[in-house]
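Here's target-v4.txt, which has compact mmCIF, C-alpha atoms:
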```
# COMPACT_ATOMS: atom_id res chain seq x y z
CA MET B 1093 0.00 0.00 0.00
CA PRO B 1094 1.48 3.41 -0.96
CA LYS B 1095 2.98 5.41 1.85
CA LYS B 1096 0.93 8.51 2.70
CA VAL B 1097 2.71 11.82 2.34
CA PHE B 1098 1.67 14.44 4.90
CA LEU B 1099 2.13 18.20 4.81
CA TYR B 1100 4.85 18.04 7.46
CA ASP B 1101 6.68 15.45 5.34
CA MET B 1102 6.65 17.87 2.42
CA THR B 1103 7.89 20.71 4.63
CA ALA B 1104 10.66 18.50 6.02
CA LYS B 1105 11.64 17.51 2.49
CA LYS B 1106 12.01 21.15 1.43
CA LEU B 1107 14.13 21.92 4.47
CA LYS B 1108 16.29 18.86 3.80
CA GLU B 1109 16.90 20.02 0.24
CA LYS B 1110 18.25 23.32 1.58
CA ILE B 1111 20.46 21.47 4.03
CA PHE B 1112 21.73 19.18 1.28
CA ASP B 1113 22.51 22.00 -1.17
CA GLY B 1114 24.38 24.02 1.45
CA THR B 1115 21.82 26.79 1.97
CA TYR B 1116 21.89 25.80 5.65
CA PRO B 1117 25.49 24.57 6.26
CA PRO B 1118 26.62 22.58 9.32
CA GLY B 1119 26.49 24.70 12.47
CA SER B 1120 24.01 27.21 11.07
CA LEU B 1121 20.58 27.94 12.51
CA LEU B 1122 17.42 27.08 10.66
CA PRO B 1123 14.88 29.92 10.39
CA SER B 1124 12.46 30.30 13.28
CA GLU B 1125 9.26 28.27 13.37
CA ARG B 1126 7.32 31.39 12.44
CA GLU B 1127 9.55 32.10 9.44
CA ILE B 1128 9.34 28.51 8.21
CA GLY B 1129 5.56 28.60 8.55
CA GLU B 1130 5.33 31.79 6.52
CA THR B 1131 7.76 30.53 3.87
CA TYR B 1132 5.90 27.28 3.24
CA ASN B 1133 2.42 28.50 4.19
CA VAL B 1134 1.90 25.96 6.98
CA ASP B 1135 0.84 26.26 10.62
CA ARG B 1136 3.10 26.06 13.68
CA THR B 1137 2.10 22.44 14.47
CA THR B 1138 3.10 21.32 10.97
CA VAL B 1139 6.45 23.12 11.31
CA ARG B 1140 7.19 21.42 14.63
CA LYS B 1141 6.39 17.99 13.18
CA ALA B 1142 8.65 18.72 10.18
CA LEU B 1143 11.51 19.76 12.46
CA GLN B 1144 11.02 16.59 14.50
CA VAL B 1145 11.47 14.55 11.31
CA LEU B 1146 14.83 16.27 10.78
CA VAL B 1147 15.77 15.61 14.42
CA ASN B 1148 14.84 11.93 14.04
CA GLU B 1149 17.06 11.69 10.96
CA SER B 1150 19.98 13.30 12.86
CA LEU B 1151 20.11 16.21 10.44
CA VAL B 1152 19.50 18.88 13.06
CA GLU B 1153 19.39 19.27 16.84
CA LYS B 1154 17.40 21.64 19.01
CA LYS B 1155 19.42 23.74 21.45
CA ALA B 1156 17.63 25.53 24.28
CA GLY B 1157 17.86 29.29 24.00
CA LYS B 1158 19.49 29.06 20.58
CA GLY B 1159 17.17 27.32 18.11
CA THR B 1160 17.45 24.46 15.62
CA VAL B 1161 21.05 23.85 14.54
CA VAL B 1162 22.17 21.93 11.45
CA LYS B 1163 24.45 19.08 12.49
CA ASP B 1164 27.76 18.07 10.97
CA LEU B 1165 26.57 15.62 8.33
CA ASN B 1166 29.72 13.55 7.81
CA ASP B 1167 28.25 10.67 9.80
CA THR B 1168 24.63 11.21 8.76
CA THR B 1169 22.77 8.97 6.34
CA ILE B 1170 20.27 10.00 3.71
CA PHE B 1171 17.74 7.42 4.91
CA PRO B 1172 15.23 7.90 7.76
CA THR B 1173 16.09 6.10 10.99
CA LYS B 1174 13.00 6.20 13.18
CA GLU B 1175 9.69 6.97 11.54
CA SER B 1176 10.48 4.69 8.61
CA GLU B 1177 12.13 1.76 10.33
CA ASN B 1178 9.86 -0.62 8.47
CA ILE B 1179 11.18 0.58 5.10
CA PRO B 1180 14.27 -1.33 3.91
CA ASP B 1181 17.23 0.71 2.71
CA PRO B 1182 17.28 0.55 -1.10
CA LEU B 1183 21.06 1.03 -1.09
CA PRO B 1184 23.79 0.90 1.55
CA LYS B 1185 23.54 3.89 3.89
CA THR B 1186 25.64 6.70 2.49
CA SER B 1187 27.06 10.02 3.55
CA ILE B 1188 24.87 12.97 2.72
CA TYR B 1189 27.70 14.19 0.53
CA ASP B 1190 27.81 10.97 -1.54
CA LYS B 1191 25.13 12.21 -3.91
CA GLU B 1192 25.93 10.25 -7.04
CA ILE B 1193 23.50 8.68 -9.49
CA ALA B 1194 24.56 5.99 -11.97
CA PHE B 1195 23.80 6.13 -15.70
CA PHE B 1196 24.29 2.58 -17.02
CA LEU B 1197 24.59 1.81 -20.73
CA PRO B 1198 25.38 -1.59 -22.28
CA ARG B 1199 28.17 -1.77 -24.83
CA ASN B 1200 27.13 -2.67 -28.35
CA ALA B 1201 28.20 -5.66 -30.44
CA GLN B 1202 31.14 -3.70 -31.85
CA ASN B 1203 32.28 -2.95 -28.27
CA SER B 1204 32.20 0.78 -29.04
CA ASP B 1205 31.13 3.47 -26.62
CA ARG B 1206 27.43 4.19 -27.07
CA ILE B 1207 27.63 7.44 -25.10
CA ARG B 1208 29.17 9.00 -28.22
CA GLN B 1209 26.00 8.30 -30.19
CA PRO B 1210 23.77 11.39 -30.59
CA PHE B 1211 20.72 10.04 -28.76
CA TYR B 1212 22.64 8.80 -25.72
CA SER B 1213 24.91 11.83 -25.47
CA GLN B 1214 21.91 14.17 -25.58
CA LEU B 1215 20.01 12.07 -23.04
CA PHE B 1216 23.00 12.03 -20.69
CA TYR B 1217 23.41 15.81 -21.03
CA VAL B 1218 19.75 16.49 -20.21
CA ILE B 1219 19.75 14.18 -17.17
CA GLN B 1220 23.08 15.54 -15.99
CA GLU B 1221 21.72 19.10 -16.09
CA GLU B 1222 18.62 18.08 -14.12
CA CYS B 1223 20.69 16.19 -11.55
CA GLN B 1224 23.10 19.10 -11.04
CA LYS B 1225 20.19 21.40 -10.24
CA LEU B 1226 19.30 19.00 -7.42
CA GLY B 1227 22.85 18.67 -6.13
CA PHE B 1228 23.56 15.23 -7.61
CA SER B 1229 26.42 14.06 -9.81
CA LEU B 1230 25.61 11.76 -12.74
CA ILE B 1231 28.19 9.02 -13.32
CA TYR B 1232 28.32 7.23 -16.69
CA LEU B 1233 29.24 3.52 -16.62
CA THR B 1234 28.90 0.60 -19.01
CA LEU B 1235 27.14 -2.51 -17.73
CA ASP B 1236 27.28 -5.83 -19.52
CA GLU B 1237 25.77 -9.18 -18.60
CA ASP B 1238 28.94 -10.45 -16.93
CA ASP B 1239 29.44 -7.38 -14.72
CA ASP B 1240 28.81 -7.58 -10.97
CA LEU B 1241 26.14 -4.94 -10.35
CA GLU B 1242 26.11 -5.53 -6.59
CA LYS B 1243 29.84 -4.83 -6.39
CA ILE B 1244 29.58 -1.71 -8.57
CA LEU B 1245 26.77 -0.22 -6.49
CA SER B 1246 28.38 -0.98 -3.14
CA SER B 1247 31.75 0.45 -4.20
CA ARG B 1248 30.35 3.80 -5.29
CA ARG B 1249 27.28 3.89 -3.00
CA PHE B 1250 24.96 5.41 -5.56
CA SER B 1251 21.76 7.09 -4.40
CA GLY B 1252 19.87 5.90 -7.48
CA VAL B 1253 20.29 4.30 -10.89
CA PHE B 1254 19.29 4.98 -14.48
CA PHE B 1255 19.36 1.86 -16.66
CA VAL B 1256 19.38 2.86 -20.33
CA SER B 1257 18.20 0.76 -23.28
CA ASN B 1258 18.96 -2.95 -23.46
CA VAL B 1259 20.54 -3.53 -20.04
CA SER B 1260 20.62 -7.22 -19.08
CA LYS B 1261 17.42 -8.43 -17.40
CA GLN B 1262 19.42 -9.99 -14.57
CA HIS B 1263 20.62 -6.52 -13.53
CA LEU B 1264 17.08 -5.14 -13.64
CA SER B 1265 15.86 -8.08 -11.54
CA TYR B 1266 18.59 -7.46 -8.97
CA ALA B 1267 17.59 -3.79 -8.65
CA ILE B 1268 13.93 -4.75 -8.24
CA GLU B 1269 14.71 -7.42 -5.64
CA LYS B 1270 16.93 -5.09 -3.58
CA LYS B 1271 14.49 -2.18 -3.88
CA ILE B 1272 17.14 0.06 -5.41
CA PRO B 1273 15.71 3.38 -6.65
CA ALA B 1274 15.94 2.83 -10.40
CA VAL B 1275 14.37 3.91 -13.69
CA LEU B 1276 14.64 2.14 -17.03
CA ILE B 1277 14.98 4.56 -19.97
CA ASN B 1278 14.39 3.81 -23.66
CA SER B 1279 13.15 0.32 -22.86
CA PHE B 1280 10.45 -1.41 -20.82
CA HIS B 1281 10.23 -3.76 -17.85
CA PRO B 1282 6.82 -4.60 -16.32
CA GLU B 1283 8.14 -4.35 -12.73
CA MET B 1284 10.22 -1.17 -13.01
CA PRO B 1285 9.33 2.45 -13.83
CA SER B 1286 10.06 2.79 -17.55
CA VAL B 1287 10.35 5.97 -19.61
CA LEU B 1288 10.52 5.72 -23.39
CA SER B 1289 9.44 7.25 -26.66
CA ASP B 1290 6.06 6.18 -28.01
CA ASN B 1291 7.86 3.96 -30.51
CA PHE B 1292 4.76 2.27 -31.87
CA GLN B 1293 3.05 5.57 -32.61
CA GLY B 1294 6.23 7.11 -34.06
CA ALA B 1295 6.71 4.30 -36.57
CA TYR B 1296 3.00 4.20 -37.35
CA GLN B 1297 2.99 7.94 -38.12
CA ALA B 1298 6.12 7.68 -40.28
CA CYS B 1299 4.65 4.94 -42.46
CA LYS B 1300 1.23 6.56 -42.54
CA GLU B 1301 2.75 9.80 -43.84
CA LEU B 1302 4.53 7.94 -46.62
CA ILE B 1303 1.31 6.13 -47.52
CA LYS B 1304 -0.62 9.43 -47.56
CA LYS B 1305 1.93 10.74 -50.05
CA GLY B 1306 1.16 7.85 -52.39
CA HIS B 1307 3.93 5.42 -51.50
CA LYS B 1308 2.91 1.77 -51.66
CA LYS B 1309 6.34 0.18 -51.98
CA ILE B 1310 7.96 0.95 -48.61
CA ALA B 1311 11.15 -0.69 -47.38
CA ILE B 1312 12.03 -0.82 -43.68
CA ILE B 1313 15.51 -0.82 -42.14
CA LYS B 1314 15.40 -2.30 -38.63
CA GLY B 1315 17.76 -1.83 -35.69
CA GLU B 1316 18.95 -4.41 -33.14
CA GLU B 1317 16.44 -7.24 -32.93
CA ASN B 1318 16.22 -7.59 -29.14
CA TYR B 1319 15.65 -3.89 -28.37
CA THR B 1320 12.20 -2.80 -27.21
CA THR B 1321 12.51 0.23 -29.49
CA ASN B 1322 13.10 -2.00 -32.51
CA LYS B 1323 10.22 -4.33 -31.69
CA GLU B 1324 7.75 -1.49 -31.12
CA ARG B 1325 8.82 0.41 -34.25
CA LEU B 1326 8.44 -2.74 -36.33
CA ARG B 1327 4.99 -3.34 -34.85
CA GLY B 1328 3.95 0.24 -35.59
CA SER B 1329 5.23 0.05 -39.16
CA LEU B 1330 3.44 -3.19 -39.94
CA SER B 1331 0.25 -1.92 -38.31
CA ALA B 1332 0.17 1.10 -40.64
CA LEU B 1333 0.82 -1.04 -43.71
CA ARG B 1334 -1.94 -3.47 -42.77
CA GLU B 1335 -4.41 -0.68 -41.99
CA PHE B 1336 -4.00 0.78 -45.49
CA ASN B 1337 -3.84 -2.61 -47.23
CA ILE B 1338 -0.24 -2.17 -48.33
CA PRO B 1339 1.37 -5.56 -49.13
CA ILE B 1340 4.08 -6.54 -46.64
CA GLN B 1341 7.01 -7.92 -48.59
CA SER B 1342 9.58 -9.80 -46.51
CA SER B 1343 12.28 -8.75 -48.98
CA TYR B 1344 11.53 -5.11 -48.06
CA ILE B 1345 12.24 -5.67 -44.34
CA LEU B 1346 15.97 -5.08 -44.04
CA GLY B 1347 18.47 -4.91 -41.22
CA GLU B 1348 21.85 -6.12 -39.94
CA ASN B 1349 20.95 -6.16 -36.22
CA SER B 1350 22.61 -2.78 -35.73
CA TRP B 1351 21.80 0.92 -35.35
CA GLU B 1352 24.96 2.22 -37.05
CA PHE B 1353 25.51 4.38 -40.15
CA ASP B 1354 27.79 1.83 -41.80
CA ASP B 1355 25.17 -0.88 -41.50
CA GLY B 1356 22.50 1.33 -43.02
CA PHE B 1357 24.90 1.97 -45.91
CA LYS B 1358 25.75 -1.73 -46.34
CA VAL B 1359 22.17 -2.97 -46.10
CA MET B 1360 20.92 -0.51 -48.69
CA LYS B 1361 23.86 -1.23 -51.02
CA ASN B 1362 23.11 -4.96 -50.97
CA PHE B 1363 19.42 -4.29 -51.45
CA LEU B 1364 19.93 -2.01 -54.46
CA GLN B 1365 22.13 -4.67 -56.09
CA THR B 1366 19.73 -7.57 -55.57
CA ALA B 1367 16.18 -6.16 -55.48
CA ASN B 1368 13.88 -7.07 -58.37
CA GLN B 1369 11.92 -3.87 -57.84
CA LEU B 1370 13.04 -0.81 -55.92
CA PRO B 1371 10.83 0.80 -53.27
CA THR B 1372 9.62 4.36 -53.66
CA ALA B 1373 10.28 5.05 -49.95
CA VAL B 1374 12.41 3.82 -47.05
CA PHE B 1375 11.70 4.11 -43.32
CA ALA B 1376 14.78 3.55 -41.14
CA PHE B 1377 14.46 2.94 -37.40
CA ASN B 1378 16.98 5.65 -36.53
CA ASP B 1379 18.66 8.57 -38.27
CA ARG B 1380 22.09 6.91 -38.50
CA LEU B 1381 20.63 4.00 -40.46
CA ALA B 1382 18.66 6.45 -42.61
CA LEU B 1383 21.71 8.60 -43.38
CA GLY B 1384 23.77 5.54 -44.28
CA ALA B 1385 21.03 4.34 -46.61
CA MET B 1386 20.69 7.82 -48.13
CA GLN B 1387 24.40 7.96 -48.94
CA THR B 1388 24.21 4.59 -50.70
CA ILE B 1389 21.17 5.65 -52.72
CA GLN B 1390 22.91 8.83 -53.86
CA GLN B 1391 26.16 7.04 -54.70
CA ALA B 1392 24.14 4.64 -56.86
CA GLY B 1393 23.09 7.62 -58.97
CA LEU B 1394 19.55 7.76 -57.60
CA ASN B 1395 17.90 10.89 -56.29
CA VAL B 1396 16.47 11.42 -52.82
CA PRO B 1397 13.54 12.06 -52.73
CA LYS B 1398 12.58 11.88 -56.42
CA ASP B 1399 13.56 8.25 -56.86
CA ILE B 1400 13.36 7.11 -53.24
CA SER B 1401 11.95 9.09 -50.33
CA ILE B 1402 13.46 8.38 -46.92
CA ILE B 1403 12.51 9.06 -43.32
CA GLY B 1404 14.43 8.36 -40.10
CA TYR B 1405 13.78 8.31 -36.36
CA ASP B 1406 15.29 10.45 -33.52
CA ASN B 1407 15.46 13.85 -35.28
CA SER B 1408 19.18 14.10 -34.53
CA GLU B 1409 21.25 17.17 -35.35
CA GLN B 1410 22.85 15.30 -38.25
CA SER B 1411 19.45 14.99 -39.94
CA LYS B 1412 19.39 18.77 -40.40
CA LEU B 1413 22.94 19.15 -41.73
CA ILE B 1414 22.80 17.04 -44.91
CA TYR B 1415 21.00 17.62 -48.20
CA PRO B 1416 18.26 16.89 -48.68
CA ARG B 1417 17.50 17.40 -45.00
CA LEU B 1418 16.17 14.21 -43.46
CA SER B 1419 12.55 13.87 -42.39
CA SER B 1420 12.44 12.19 -38.99
CA ILE B 1421 10.45 11.40 -35.86
CA GLU B 1422 11.17 13.75 -32.96
CA ILE B 1423 11.33 11.77 -29.71
CA ASN B 1424 11.63 14.74 -27.31
CA VAL B 1425 14.76 13.67 -25.44
CA SER B 1426 14.53 16.66 -23.08
CA ILE B 1427 11.11 15.53 -21.86
CA MET B 1428 12.32 11.93 -21.60
CA GLY B 1429 15.27 13.00 -19.45
CA SER B 1430 13.24 15.27 -17.18
CA ALA B 1431 10.53 12.63 -16.70
CA SER B 1432 13.20 10.05 -15.81
CA VAL B 1433 14.77 12.30 -13.16
CA PHE B 1434 11.38 13.12 -11.64
CA THR B 1435 10.43 9.43 -11.52
CA LEU B 1436 13.71 8.50 -9.82
CA LEU B 1437 13.37 11.27 -7.23
CA GLN B 1438 9.92 10.01 -6.29
CA GLN B 1439 11.51 6.72 -5.30
CA MET B 1440 14.46 8.29 -3.52
CA ASN B 1441 12.28 10.68 -1.51
CA TYR B 1442 9.26 8.50 -0.75
CA TYR B 1443 10.57 4.91 -1.03
CA GLN B 1444 7.81 4.14 -3.49
CA SER B 1445 8.43 2.49 -6.86
CA LEU B 1446 5.44 2.20 -9.16
CA PRO B 1447 5.85 -0.14 -12.17
CA ILE B 1448 4.54 2.49 -14.59
CA LYS B 1449 5.23 2.92 -18.30
CA ILE B 1450 5.67 6.56 -19.33
CA LEU B 1451 5.39 7.11 -23.08
CA ILE B 1452 6.93 10.34 -24.33
CA PRO B 1453 4.89 11.81 -27.21
CA ILE B 1454 6.48 11.87 -30.66
CA GLN B 1455 6.26 14.39 -33.51
CA LEU B 1456 6.74 13.89 -37.23
CA ILE B 1457 9.23 16.42 -38.62
CA GLU B 1458 8.85 16.65 -42.37
CA ARG B 1459 11.76 17.94 -44.44
CA GLU B 1460 12.97 17.62 -48.05
CA SER B 1461 13.75 13.88 -48.01
CA ILE B 1462 10.15 12.79 -48.68
CA ILE B 1463 7.77 13.88 -51.45
CA GLU B 1464 4.32 13.05 -52.72
CA ILE B 1465 4.12 10.75 -55.73
CA ASN B 1466 1.33 9.87 -58.15
```

Please re-express this file's structure in structure tokens.
Amino acid sequence: MPKKVFLYDMTAKKLKEKIFDGTYPPGSLLPSEREIGETYNVDRTTVRKALQVLVNESLVEKKAGKGTVVKDLNDTTIFPTKESENIPDPLPKTSIYDKEIAFFLPRNAQNSDRIRQPFYSQLFYVIQEECQKLGFSLIYLTLDEDDDLEKILSSRRFSGVFFVSNVSKQHLSYAIEKKIPAVLINSFHPEMPSVLSDNFQGAYQACKELIKKGHKKIAIIKGEENYTTNKERLRGSLSALREFNIPIQSSYILGENSWEFDDGFKVMKNFLQTANQLPTAVFAFNDRLALGAMQTIQQAGLNVPKDISIIGYDNSEQSKLIYPRLSSIEINVSIMGSASVFTLLQQMNYYQSLPIKILIPIQLIERESIIEIN
């Protein structure tokens, strides 16, 4: 049953934030009860209960004739010690100054660093900015199936964890079992808060737009098979084709189990050399695949979009820098990052993890790479 949050809890939380960010440093006095009440628009009884929460957590102490003094926090933990004794610690008790959050990414098949890819670098930047505002440091780490998550978490004593994309299920299960504050981003797990683009709708809209422009021969370039994003984008694509009675040709579903530019280039090159009939449009499951395919098409002496229209997914900066500029699906990374931070903080502050799926709305960005045909 969800833990109830009272007004004094909220007041205590706001005071703790000011203690944590240094507004009230060790040895300083908190404002008077009257001042706190006026600041947060609460009565004196609520203020006293809030201060008692801070006393119980060893963050402050009341000194007769002086007021409420912020304690030296070197030996203080970020977890309640009295009122919440029935709540297990999600992570080992840590110093109030050990405010680090992990950002875990798996390495890809080529063993290259995914953080350099546009989507992940932008996501990390957004989350890092949000965390810094709250006084947390965001630490980027890779996490593969053979890594010891328990050892990693205990060595750094993270306050919370972001798992990104296709992290091994065994690591997600460990976090769930140990009640570690965690959010899964760009993927989905039914027992963990998950934040991701509305991949089904994005792919559906991309294919629908091509169909509306008269395209009936549409090729698809997939990403990595086992990714939630790939599965949902494939489902959305096929749903649009079926809805408009467009034949689904297996020879038009392409992919090398990768998200990389070079694979988009290679897949399209092989397709152009072997296809009995060329498509009038291509939908690639990310912009890197789309840009690789576009380069192959142009090198083959074909014109984009006159001969083959093409649309990508992610709306990366690169999609705007080439000619013709690439049409793409905007996934709103800034909203995804902010929603992920908010969801993690809910767990860290209230010890409550809801297995919710948050779908970030998409937007079709049409540029010069697609045209209407007869």

Would you list the contacts of Ile1427 of chain B as a ChimeraX atom specification, taking every protein, DNA or RNA residue within 10 Å and counting all atoms listed in the file, but skipping same-chain residues closer than 3 positions in sequence? /B:1215,1218-1219,1287-1289,1423-1424,1430-1433,1452-1453

Now that the selection is made, can you save its residues with C-alpha atoms as a PDB file, keeping the file's coordinate frame?
```
ATOM      1  CA  LEU B1215      20.010  12.070 -23.040  1.00  0.00           C
ATOM      2  CA  VAL B1218      19.750  16.490 -20.210  1.00  0.00           C
ATOM      3  CA  ILE B1219      19.750  14.180 -17.170  1.00  0.00           C
ATOM      4  CA  VAL B1287      10.350   5.970 -19.610  1.00  0.00           C
ATOM      5  CA  LEU B1288      10.520   5.720 -23.390  1.00  0.00           C
ATOM      6  CA  SER B1289       9.440   7.250 -26.660  1.00  0.00           C
ATOM      7  CA  ILE B1423      11.330  11.770 -29.710  1.00  0.00           C
ATOM      8  CA  ASN B1424      11.630  14.740 -27.310  1.00  0.00           C
ATOM      9  CA  SER B1430      13.240  15.270 -17.180  1.00  0.00           C
ATOM     10  CA  ALA B1431      10.530  12.630 -16.700  1.00  0.00           C
ATOM     11  CA  SER B1432      13.200  10.050 -15.810  1.00  0.00           C
ATOM     12  CA  VAL B1433      14.770  12.300 -13.160  1.00  0.00           C
ATOM     13  CA  ILE B1452       6.930  10.340 -24.330  1.00  0.00           C
ATOM     14  CA  PRO B1453       4.890  11.810 -27.210  1.00  0.00           C
TER      15      PRO B1453
END
```

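In this model, the gap between atom CA of Pro1447 of chain B and atom CA of Val1425 of chain B comes to 21.1 Å.
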
Which residue out of B:His1281, B:Asp1290, B:Leu1121, B:Lys1225 has the minimum interatomic distance to Arg1325 of chain B when all atoms listed in the file are used?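 Closest to Arg1325 of chain B of all the choices is B:Asp1290.
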
Kindly indicate which residue among B:Gly1119, B:Gly1328, B:Gly1393, B:Pro1282 lies nearest to Ala1298 of chain B, using all atoms listed in the file for the distances.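 The closest residue to Ala1298 of chain B is B:Gly1328.
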
For a quick check of your reading of the model, name the residues lying within 12 Å of the coordinate (20.2, 29.9, 18.1), counting only C-alpha atoms, and write them as JSON, numbers by chain. {"B": [1119, 1120, 1121, 1122, 1123, 1124, 1153, 1154, 1155, 1156, 1157, 1158, 1159, 1160, 1161, 1162]}

Neighbour list for Ile1400 of chain B as a list of chain:residue names, cut-off 8 Å, all atoms listed in the file, skip fewer than 5 positions in-chain: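 Within the cut-off, the hits are B:Pro1371, B:Thr1372, B:Ala1373, B:Val1374, B:Ile1389, B:Leu1394, B:Asn1395, B:Ile1462.
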
May I ask which of the residues B:Glu1269, B:Glu1192, B:Glu1317, B:Glu1460 is the closest one to Gly1252 of chain B, counting all atoms listed in the file?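 Using all atoms listed in the file, Gly1252 of chain B sits closest to B:Glu1192.
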
Neighbour list for segment 1232-1244 of chain B as a VMD selection string, cut-off 6 Å, all atoms listed in the file, skip fewer than 3 positions in-chain: chain B and resid 1195 to 1198 1247 1260

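Here atom CA of Asn1349 of chain B and atom CA of Ala1392 of chain B stand 23.5 Å from one another.
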
Residue contacts of Lys1108 of chain B (10 Å, only C-alpha atoms) excluding same-chain residues fewer than 2 positions away, as a PyMOL selection string: chain B and resi 1102-1106+1110-1116+1142-1143+1145-1146+1151-1152+1170

Could you please take those selected residues and save C-alpha atoms as a PDB file, in the coordinates of the input?
```pdb
ATOM      1  CA  MET B1102       6.650  17.870   2.420  1.00  0.00           C
ATOM      2  CA  THR B1103       7.890  20.710   4.630  1.00  0.00           C
ATOM      3  CA  ALA B1104      10.660  18.500   6.020  1.00  0.00           C
ATOM      4  CA  LYS B1105      11.640  17.510   2.490  1.00  0.00           C
ATOM      5  CA  LYS B1106      12.010  21.150   1.430  1.00  0.00           C
ATOM      6  CA  LYS B1110      18.250  23.320   1.580  1.00  0.00           C
ATOM      7  CA  ILE B1111      20.460  21.470   4.030  1.00  0.00           C
ATOM      8  CA  PHE B1112      21.730  19.180   1.280  1.00  0.00           C
ATOM      9  CA  ASP B1113      22.510  22.000  -1.170  1.00  0.00           C
ATOM     10  CA  GLY B1114      24.380  24.020   1.450  1.00  0.00           C
ATOM     11  CA  THR B1115      21.820  26.790   1.970  1.00  0.00           C
ATOM     12  CA  TYR B1116      21.890  25.800   5.650  1.00  0.00           C
ATOM     13  CA  ALA B1142       8.650  18.720  10.180  1.00  0.00           C
ATOM     14  CA  LEU B1143      11.510  19.760  12.460  1.00  0.00           C
ATOM     15  CA  VAL B1145      11.470  14.550  11.310  1.00  0.00           C
ATOM     16  CA  LEU B1146      14.830  16.270  10.780  1.00  0.00           C
ATOM     17  CA  LEU B1151      20.110  16.210  10.440  1.00  0.00           C
ATOM     18  CA  VAL B1152      19.500  18.880  13.060  1.00  0.00           C
ATOM     19  CA  ILE B1170      20.270  10.000   3.710  1.00  0.00           C
TER      20      ILE B1170
END
```

So what do you get for atom CA of Arg1208 of chain B versus atom CA of Lys1358 of chain B, distance-wise? 21.3 Å

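Considering all atoms listed in the file, the residue among B:Leu1276, B:Leu1436, B:Ser1411, B:Leu1451 positioned nearest to Cys1223 of chain B is B:Leu1436.
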
May I ask which of the residues B:Lys1449, B:Asn1466, B:Glu1283, B:Phe1254 is the closest one to Lys1308 of chain B, counting only C-alpha atoms? B:Asn1466

Restricting the calculation to only C-alpha atoms: of B:Asn1133, B:Asn1291, B:Asn1378, B:Gln1262, which residue gets closest to Ile1312 of chain B?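 Closest to Ile1312 of chain B of all the choices is B:Asn1378.
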
List the residues sitting within 8 Å of (20.9, 11.3, -35.2) in the file's frame, using all atoms listed in the file, as number ranges by chain. B: 1209-1211, 1378-1380, 1405-1411
